[in-house]
Amino acid sequence: MTLSKRCMLIMELLLVVVIVMLGACQPTPAPTKTVKFGYTGPLTGPAAMWGIGGLRGLEIWVDRVNDKGGLQVGGEGYKVEVIALDGKAMPSEVLKLTRKLVLEDEVAVVSNFLFGDVAAPFCTENKMLQFTIEGHNLHPDWPYLICAGNADPEYMAPTVMFTKEVLFPEIESIAICSQDTESGAIWRTWYAAQAKIMGMEITYEKAFSEDTLDFAPIVSAMLATNPDALCWDGSYPDFNALLTEQAYIQGFNEGPIISSSHDKDATLAKVPANWLGRRFISSYPGWDDPEMGEVANSVYAEYESRHGEGAWQCDAGIIYDQASYWGEAVEMADSFDSTVVRDTLLSSELYSCFGNGPASTWYGEEIYGIANYILPKRWPIAVFHGEENRDAVGAWADMGAWWDQYGEGLMEVLEEQGQLWWQ
Amino acid sequence: MTGLPHGTLLERYSGKPEPFLKWPELYVEIMEVSAEQILVNGLGLSGLYIMVALGLTLVFSVMRILNFAHGEFYMVGAYAVWLLYAQGNLPFLAAVAVGILIVSALSIIVYLGLFRPLQGNPLGGYLGSIGIMFILQVLVGQIWGVGVNKVVPRAFSQIIHISDAYLGVHRLIVILASFALIGGVWFFLHKTKMGQALRACAQDTEAASLQGINLNKTSAIAMGISGALAGVAGALMSPVIIINPYMGGSIILKAFVVLIVGGMGSVEGAVLAGFLFGFLDSVITCVLDSTIANLLGLFVMLGVLAIRPLGLLGRETSGIT
């Protein structure tokens, strides 16, 4: 081969390499088709902090998916479009809106932040995959309803367990309250059940009206029973802050305050951070905590960049996680069909977006009659650090070990309260 | 995966849930909450009810109109403090003062634009006030959003501990303000010329007019004072309540109950009924729960009206009493 022919060959080879590399660097083509994700959450009212947080988390997930070319199904990229409607924390509204999402908007999946059980019969009838964050919504008659992204109400029990066993072993009594809703009653049962199993006395366990103007009498009544601990249960964020304020004013200065979550900014506008520090135990640490993992940290950073420093709301993580499960299942199933996606979920090993923990478990057969609950193997327990002004991971609850130890007792209490699925 | 395995319990729970209510313990439960704490809680709630109901009473007595937008004046007062104090860093009491002026001016505008043209048409006035109610809710919601509720930080962080009672300084200010307003309104109505003119209009508009009293001016002043009372209630309470465009709904219902039970047009009646329901709600919420407190309040209203159809201090003759 002459020199010139050799040079030509080398140049041709180089040209081929360059062309291939250029091809690999091409941006992902924008998805041309659309799939709709329906969401009903309380966007107004005392629970709006939850619903709006959830929606914002969903939006972050959607944007990330769309930036990567959408969900890949059948060799095509599908842009995800969110249709969010205000459920107002009213069951009738959630059902009405779910019907609209399914029948008019033709969504591929529905996420009901609250009252998924109300919409479940309709979704099952229409074979529509439906997500909820509340495990107690599940029922064997509703196979299309899946609880994902959360550990409600299961996480409530380990929170009490951790508070009693680790942080405040001296506490022997607890007073519990929450708003007067069906979910509130279920949550109170779970907190109370775990407390009783651990030998604590329940000195107060009542509901308050959602129309309550003044929380002073409620907290006065709770404190009059001399509890060692207070529990706001799953009280809506607005109520939570006012209850904590009254606890501060009325001199509850030593024992723990347990709650599923809280609006940190609203609470700290009412009480000093150092008063609340190391005493407020909840179930949702900030996703900026390094223990929550890189994915969670990145979602947190994205959320704060969009909505301001200190804006993080735990429900953003819940719905982000939920949507992630669905997106993964869709791509694994290579289909948007609800039945196919559901079956793919049920047969897959799934990992939560936070915590870098082991694969989640399908759970719920004994309590809910159907194992449609994606329960993370580990759930974080948050302790408020006043000096850092954040809810940090205090411990990880091993949900399996917790169930091993306390599951049977909890089942007995739930049965006595008529809260098992067959009652 | 088939679910979580479970093993033997370390401790087995065998207790039974407590009954909802045990009559023999009811007395004990009341006594467990100190009388002093019940007193301060009751005074705090009474103060709020009285401030809101007084304004409603004034407007009804002078103009014979039930102003359904009165709860929204309360809401605007709260928003004014949120804007000026929480967002604008104005001192709290200055924000309250400005809030009162804003709501007072707003109520006068509502009078001039709506109630005055509809004078002599009570039904038109009622319907118009409902329209104003919705307009204010939507306007506030559109401008400042309806999702996440607004938070007003505590203005006074000190806590007073008297005997067995704890009271935040902020709540003490609300109580003192309500007493001051009660006294102020009484003084205005009984000791000032304009107040007497108001009472004259309430008693007989024709006779008042013949006496040279300007009905329009008097009504406008009544509206302004009414708005100011609602505004001061919302402004003062803003750090301790939930603030959103619909917050007026729950307080206006309570204000109507207080107005009716006290006696339509009776200032003293509104004060008496305000104390009655403030303490009733506080005690029943303490002993039972707030849902039952709301229900019981309605039963009390029905009971009072069954015995005294005009209310506790209402009279057959018209006018402010």
# chains A, B, ... in the order shown; residues from 1 in each chain; ligands from 1

call {"tool": "residues_around", "arguments": {"residues": "A:Asp238", "least_positions_apart": "5", "cutoff": "9 Å", "atoms": "only C-alpha atoms", "output": "PyMOL selection string"}}
result
(chain A and resi 46-47+49+243+262-263+266-267) or (chain B and resi 149+241-242)

call {"tool": "select_by_dssp", "arguments": {"residues": "stretch 217-287 of chain A", "states": "strand (DSSP E)", "output": "number ranges by chain"}}
result
A: 229-233, 257-259, 280-282

call {"tool": "atom_distance", "arguments": {"atom1": "atom CA of A:Ile258", "atom2": "atom CA of A:Asn226"}}
result
15.8 Å

call {"tool": "residues_around", "arguments": {"residues": "A:Trp142", "least_positions_apart": "6", "cutoff": "10 Å", "atoms": "only C-alpha atoms", "output": "list of chain:residue names"}}
result
A:Asp117, A:Ala119, A:Ala120, A:Pro121, A:Phe122, A:Cys123, A:Thr124, A:Glu125, A:Lys127, A:Gln130, A:Ile370, A:Asn372

call {"tool": "atom_distance", "arguments": {"atom1": "atom CA of A:Ile171", "atom2": "atom CA of A:Tyr155"}}
result
19.8 Å

call {"tool": "select_by_dssp", "arguments": {"residues": "stretch 100-197 of chain A", "states": "helix (DSSP H, G or I)", "output": "VMD selection string"}}
result
chain A and resid 100 to 104 116 to 125 135 to 137 156 to 167 182 to 197

call {"tool": "atom_distance", "arguments": {"atom1": "atom CA of B:Phe134", "atom2": "atom CA of A:Asp211"}}
result
19.5 Å

call {"tool": "closest_residue", "arguments": {"among": "B:Ala235, B:Leu215, B:Ile65, B:Leu58", "to": "B:Leu123", "atoms": "only C-alpha atoms"}}
result
B:Ile65

call {"tool": "closest_residue", "arguments": {"among": "B:Phe68, B:Phe156, B:Tyr111, B:Phe92", "to": "chain A", "atoms": "only C-alpha atoms"}}
result
B:Phe156

call {"tool": "closest_residue", "arguments": {"among": "B:Gln158, B:Thr218, B:Asn121, B:Gln211", "to": "chain A", "atoms": "only C-alpha atoms"}}
result
B:Gln158

call {"tool": "residues_around", "arguments": {"residues": "B:Val232", "least_positions_apart": "4", "cutoff": "10 Å", "atoms": "only C-alpha atoms", "output": "ChimeraX atom specification"}}
result
/B:48,51-52,73-74,76-78,81,96-101,103-104,174,177-178,181,227-228,236-238
